[in-house]
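Data block for protein.txt (compact mmCIF, C-alpha atoms):
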```txt
# COMPACT_ATOMS: atom_id res chain seq x y z
CA MET N 1 -34.91 49.59 58.53
CA ARG N 2 -32.99 51.57 55.90
CA ARG N 3 -29.90 49.42 56.44
CA MET N 4 -31.99 46.28 56.09
CA ARG N 5 -33.52 47.54 52.84
CA LEU N 6 -30.07 48.32 51.44
CA LEU N 7 -28.77 44.89 52.40
CA VAL N 8 -31.74 43.03 50.95
CA GLY N 9 -32.01 45.18 47.81
CA TRP N 10 -28.37 44.94 46.85
CA GLY N 11 -28.40 41.26 47.78
CA ALA N 12 -31.14 40.78 45.17
CA VAL N 13 -29.07 42.68 42.61
CA ALA N 14 -26.05 40.49 43.35
CA ALA N 15 -28.19 37.34 43.02
CA CYS N 16 -28.99 38.38 39.44
CA GLY N 17 -25.31 38.58 38.55
CA PRO N 18 -24.40 34.94 37.76
CA TYR N 19 -27.41 34.37 35.48
CA LEU N 20 -26.91 37.68 33.72
CA THR N 21 -23.20 36.97 33.22
CA LEU N 22 -23.88 33.57 31.66
CA LYS N 23 -26.52 34.94 29.32
CA LEU N 24 -24.28 37.80 28.15
CA ALA N 25 -21.44 35.33 27.61
CA TRP N 26 -23.63 33.12 25.42
CA LEU N 27 -24.90 36.11 23.46
CA THR N 28 -21.33 37.14 22.68
CA GLY N 29 -20.43 33.68 21.38
CA SER N 30 -18.83 32.13 24.44
CA GLY N 31 -19.33 28.41 25.07
CA VAL N 32 -18.80 28.65 28.84
CA GLY N 33 -20.86 26.06 30.69
CA THR N 34 -21.90 24.19 27.54
CA THR N 35 -21.07 20.64 26.48
CA GLY N 36 -21.19 18.82 23.15
CA SER N 37 -23.23 20.78 20.64
CA GLY N 38 -24.49 23.17 23.33
CA ALA N 39 -22.25 26.04 22.24
CA ALA N 40 -23.43 25.83 18.63
CA VAL N 41 -27.08 25.66 19.70
CA MET N 42 -26.69 28.92 21.64
CA GLY N 43 -26.11 30.66 18.33
CA ASP N 44 -29.42 29.71 16.71
CA THR N 45 -32.25 32.22 16.45
CA LYS N 46 -34.46 30.60 19.10
CA HIS N 47 -31.77 30.65 21.76
CA VAL N 48 -30.53 34.14 20.88
CA VAL N 49 -34.05 35.55 21.17
CA GLY N 50 -34.64 33.61 24.39
CA ASN N 51 -31.36 34.82 25.88
CA LEU N 52 -32.11 38.43 24.93
CA LEU N 53 -35.54 38.16 26.51
CA THR N 54 -34.23 36.68 29.75
CA VAL N 55 -31.43 39.26 29.95
CA GLY N 56 -34.12 41.93 29.71
CA MET N 57 -36.12 40.22 32.48
CA ASP N 58 -33.06 40.07 34.73
CA LEU N 59 -32.37 43.75 34.13
CA VAL N 60 -35.97 44.55 35.08
CA ALA N 61 -35.48 42.54 38.28
CA ILE N 62 -32.43 44.66 39.11
CA VAL N 63 -34.31 47.91 38.52
CA VAL N 64 -37.25 46.70 40.65
CA ALA N 65 -34.90 45.66 43.47
CA LEU N 66 -33.32 49.14 43.45
CA ALA N 67 -36.76 50.76 43.32
CA PHE N 68 -37.69 48.85 46.48
CA THR N 69 -34.42 49.95 48.09
CA TYR N 70 -34.37 53.71 47.53
CA VAL N 71 -36.81 56.56 48.11
CA TRP N 72 -37.10 57.38 44.40
CA GLY N 73 -38.83 54.04 43.91
CA GLN N 74 -41.72 55.12 46.09
CA ARG N 75 -42.44 57.96 43.66
CA LEU N 76 -42.94 55.57 40.76
CA PRO N 77 -46.53 54.67 39.72
CA SER N 78 -47.65 51.65 41.72
CA TRP N 79 -48.39 49.55 38.62
CA LEU N 80 -44.81 50.03 37.44
CA VAL N 81 -43.46 48.09 40.41
CA LEU N 82 -46.41 45.86 41.29
CA GLY N 83 -46.63 44.35 37.80
CA PRO N 84 -43.03 43.14 37.61
CA ILE N 85 -42.95 41.81 41.20
CA TRP N 86 -46.24 39.97 40.64
CA ILE N 87 -44.89 38.32 37.48
CA GLY N 88 -41.50 37.71 39.04
CA THR N 89 -42.99 36.04 42.10
CA GLY N 90 -45.01 33.72 39.88
CA LEU N 91 -41.89 32.71 37.97
CA LEU N 92 -39.47 32.43 40.90
CA ALA N 93 -41.58 31.04 43.77
CA PRO N 94 -41.93 27.55 42.20
CA ILE N 95 -38.16 27.42 41.78
CA ALA N 96 -37.45 28.62 45.33
CA LEU N 97 -39.74 25.94 46.76
CA GLY N 98 -39.40 23.24 44.12
CA LEU N 99 -35.58 23.25 43.94
CA PRO N 100 -34.84 22.08 47.50
CA LEU N 101 -37.78 19.66 47.47
CA GLY N 102 -36.72 18.30 44.09
CA MET N 103 -33.13 17.80 45.19
CA ALA N 104 -34.32 15.99 48.32
CA VAL N 105 -36.55 13.67 46.27
CA GLN N 106 -33.74 13.08 43.78
CA GLY N 107 -31.45 12.19 46.66
CA PHE N 108 -33.80 9.39 47.69
CA THR N 109 -34.41 8.09 44.18
CA GLY N 110 -30.83 8.44 42.97
CA GLY N 111 -29.56 9.56 39.60
CA SER N 112 -28.92 12.99 38.16
CA PRO N 113 -31.43 15.84 38.76
CA THR N 114 -30.83 17.16 35.23
CA ALA N 115 -31.95 15.68 31.94
CA SER N 116 -29.46 13.76 29.84
CA ASP N 117 -27.82 15.33 26.77
CA ASN N 118 -29.02 18.83 27.65
CA GLY N 119 -25.92 20.59 26.35
CA LEU N 120 -25.03 22.23 29.68
CA GLU N 121 -22.60 21.46 32.47
CA ASP N 122 -24.20 20.43 35.76
CA TRP N 123 -22.69 23.42 37.59
CA VAL N 124 -24.68 25.78 35.37
CA TYR N 125 -27.92 24.53 36.91
CA GLY N 126 -26.57 25.01 40.42
CA ILE N 127 -25.53 28.60 39.74
CA VAL N 128 -28.64 29.55 37.78
CA TYR N 129 -31.30 27.97 39.98
CA GLY N 130 -29.46 28.83 43.17
CA GLY N 131 -29.47 32.44 41.98
CA PHE N 132 -33.18 32.24 41.17
CA THR N 133 -33.89 30.97 44.69
CA LEU N 134 -31.99 33.86 46.24
CA GLN N 135 -33.74 36.31 43.92
CA ALA N 136 -37.13 34.99 44.98
CA ILE N 137 -36.38 35.32 48.69
CA LEU N 138 -34.69 38.70 48.50
CA LEU N 139 -37.08 40.35 46.02
CA VAL N 140 -40.13 39.36 48.05
CA THR N 141 -38.44 40.57 51.24
CA ALA N 142 -37.52 43.87 49.55
CA PHE N 143 -41.10 44.25 48.34
CA VAL N 144 -42.58 43.71 51.81
CA LEU N 145 -40.16 46.19 53.38
CA ASN N 146 -41.03 48.74 50.70
CA ALA N 147 -44.78 48.09 50.89
CA ARG N 148 -44.87 48.56 54.67
CA THR N 149 -43.48 52.05 54.11
CA ARG N 150 -45.41 52.99 50.98
CA TRP N 151 -48.79 51.38 51.75
CA PRO N 152 -48.93 50.94 55.55
CA ASP N 153 -52.75 50.97 55.62
CA VAL N 154 -52.91 47.80 53.51
CA PHE N 155 -51.36 45.81 56.33
CA ARG N 156 -54.16 46.88 58.65
CA LEU N 157 -56.98 45.75 56.38
CA ARG N 158 -59.24 42.81 57.12
CA THR N 159 -60.45 40.49 54.39
CA LYS N 160 -64.02 41.83 54.56
CA GLU N 161 -62.73 45.36 53.86
CA ILE N 162 -61.15 44.44 50.54
CA ARG N 163 -63.33 45.34 47.55
CA ILE N 164 -62.71 43.36 44.38
CA GLN N 165 -64.62 42.29 41.27
CA ASN N 166 -65.74 38.72 42.01
CA ARG N 167 -66.30 37.87 38.35
CA PHE N 168 -62.69 38.52 37.38
CA ILE N 169 -61.37 36.88 40.53
CA VAL N 170 -63.32 33.70 39.81
CA ILE N 171 -62.03 33.62 36.22
CA ALA N 172 -58.47 34.02 37.48
CA ALA N 173 -59.02 31.24 40.05
CA VAL N 174 -60.31 28.89 37.35
CA VAL N 175 -57.29 29.64 35.14
CA ALA N 176 -54.92 29.03 38.07
CA ALA N 177 -56.62 25.73 38.94
CA ALA N 178 -56.57 24.61 35.29
CA TYR N 179 -52.86 25.36 35.05
CA GLY N 180 -52.33 23.42 38.27
CA LEU N 181 -54.06 20.39 36.76
CA LEU N 182 -51.91 20.69 33.65
CA CYS N 183 -48.77 20.71 35.81
CA VAL N 184 -49.96 17.53 37.54
CA VAL N 185 -50.47 15.86 34.16
CA TRP N 186 -46.95 16.88 33.08
CA ALA N 187 -45.47 15.61 36.34
CA PHE N 188 -47.10 12.17 36.28
CA THR N 189 -47.02 11.34 32.58
CA ASP N 190 -43.97 10.53 30.52
CA GLY N 191 -44.05 12.94 27.64
CA GLY N 192 -40.40 12.38 26.77
CA HIS N 193 -39.61 16.07 27.26
CA GLN N 194 -36.27 17.07 28.77
CA ALA N 195 -38.03 19.32 31.30
CA VAL N 196 -39.97 16.39 32.82
CA GLU N 197 -37.48 13.54 32.87
CA THR N 198 -36.00 13.41 36.37
CA ALA N 199 -37.51 13.13 39.84
CA ALA N 200 -36.32 16.66 40.64
CA GLN N 201 -38.05 18.04 37.56
CA LYS N 202 -41.27 16.19 38.30
CA THR N 203 -41.18 17.54 41.86
CA PHE N 204 -40.85 21.04 40.45
CA TRP N 205 -44.05 20.60 38.44
CA VAL N 206 -45.88 19.20 41.45
CA THR N 207 -44.76 22.25 43.43
CA GLN N 208 -45.96 24.48 40.61
CA ALA N 209 -49.33 22.73 40.74
CA ALA N 210 -49.60 23.12 44.52
CA LEU N 211 -48.87 26.85 44.27
CA SER N 212 -51.44 27.25 41.49
CA PHE N 213 -54.10 25.52 43.58
CA ALA N 214 -53.15 27.62 46.61
CA GLY N 215 -53.46 30.75 44.49
CA ALA N 216 -56.91 29.70 43.30
CA VAL N 217 -58.07 29.09 46.88
CA GLY N 218 -56.60 32.41 47.99
CA LEU N 219 -58.42 34.29 45.24
CA LEU N 220 -61.73 32.64 46.09
CA THR N 221 -61.14 33.41 49.77
CA LEU N 222 -60.87 37.10 48.91
CA ALA N 223 -63.83 36.98 46.53
CA TYR N 224 -66.26 35.28 48.90
CA ARG N 225 -64.86 36.52 52.23
CA TRP N 226 -64.30 32.98 53.53
CA ALA N 227 -62.04 34.40 56.25
CA ALA N 228 -63.90 37.67 56.68
CA ASP N 229 -64.45 37.36 60.43
CA GLY N 230 -60.88 37.00 61.56
CA CYS N 231 -58.29 37.54 58.85
CA SER N 232 -56.19 40.68 59.22
CA TYR N 233 -53.01 41.73 57.49
CA ARG N 234 -51.61 43.53 60.51
```
Using the file provided, produce a representation of the structure as structure tokens.
Amino acid sequence: MRRMRLLVGWGAVAACGPYLTLKLAWLTGSGVGTTGSGAAVMGDTKHVVGNLLTVGMDLVAIVVALAFTYVWGQRLPSWLVLGPIWIGTGLLAPIALGLPLGMAVQGFTGGSPTASDNGLEDWVYGIVYGGFTLQAILLVTAFVLNARTRWPDVFRLRTKEIRIQNRFIVIAAVVAAAYGLLCVVWAFTDGGHQAVETAAQKTFWVTQAALSFAGAVGLLTLAYRWAADGCSYR
């Protein structure tokens, strides 16, 4: 088990490398991976702030991966690791599922999976989103391996034994469902935005919607014990 955790944890760290390298290159003035006016755009305030923010997020992902890998991570307060992995899963899961589906759909429809005149080379998308997909798989795997050691009792709980505040769960489910509907609107309307131009991009938003709806159903299942008689996490 320890060897598996080391392999998965350091695999997640390695998966962060390409994205982090690109971002640091752009922050230091490099135009690697850019086309046309892309290099100049990377120097404006919006992109500098965005790149700094995403570098910080990638560094947090690295720390969380290492926390799931080593014993010292189990001594950290639970919220300090659960918060980042919860947010990270929400950001990365749609990419991990939507990327292969989107590429398959784009293969049938033809054309480029990336928007035109986006200022980036096509290989940048492959490296970045391929890395995100690996991060999603490896971080979730690292979390499960860590959780089975740190909170073994959780995996023996049945749905009816989980105590939660229904009011807050219902609010969260409504928000998730509303966001899912918004994603559907983005996917099936032509807003002229570069993030919703191609078949691959539209598939991503449909995947995002499906995950949001699934999350809403899952929350309501916990709140109202819809699977209380038979669902176990063993």
Within 12 Å of (-45.4, 20.0, 41.7), in the coordinates the file gives, what residues turn up when you count all atoms listed in the file, written out as a ChimeraX atom specification?
-> /N:93-95,97-99,101-102,105,179-188,196,199-214
Would you mind telling me which residue in N:Ser37, N:Trp26, N:Thr221, N:Met1 lies nearest to N:Asn118 when using all atoms listed in the file?
-> N:Ser37
For stretch 12-21 of chain N: contacts at 8 Å, all atoms listed in the file, fewer than 6 positions along chain excluded, given as a PyMOL selection string | chain N and resi 55+58+61-62+65-66+127-128+131-132+134-135+138-139
What is the distance, in Å and to one decimal place, between atom CA of N:Trp86 and atom CA of N:Ala104?
->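 Calculated distance between atom CA of N:Trp86 and atom CA of N:Ala104 is 27.9 Å.
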Please indicate the distance in Å from atom CA of N:Arg156 to atom CA of N:Leu222, rounded to one decimal place.
->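 Atom CA of N:Leu222 lies 15.3 Å from atom CA of N:Arg156.
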One decimal, Å: what's the distance from atom CA of N:Ile169 over to atom CA of N:Tyr224, could you say?
->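 Calculated distance between atom CA of N:Ile169 and atom CA of N:Tyr224 is 9.8 Å.
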Best match for closeness to N:Leu92 among N:Leu157, N:Val140, N:Ala177, N:Ala39, counting only C-alpha atoms = N:Val140
Got a sec: who's within 9 Å of N:Glu121, counting only C-alpha atoms, leaving out chain neighbours fewer than 5 positions off, as a VMD selection string?
-> chain N and resid 32 to 35
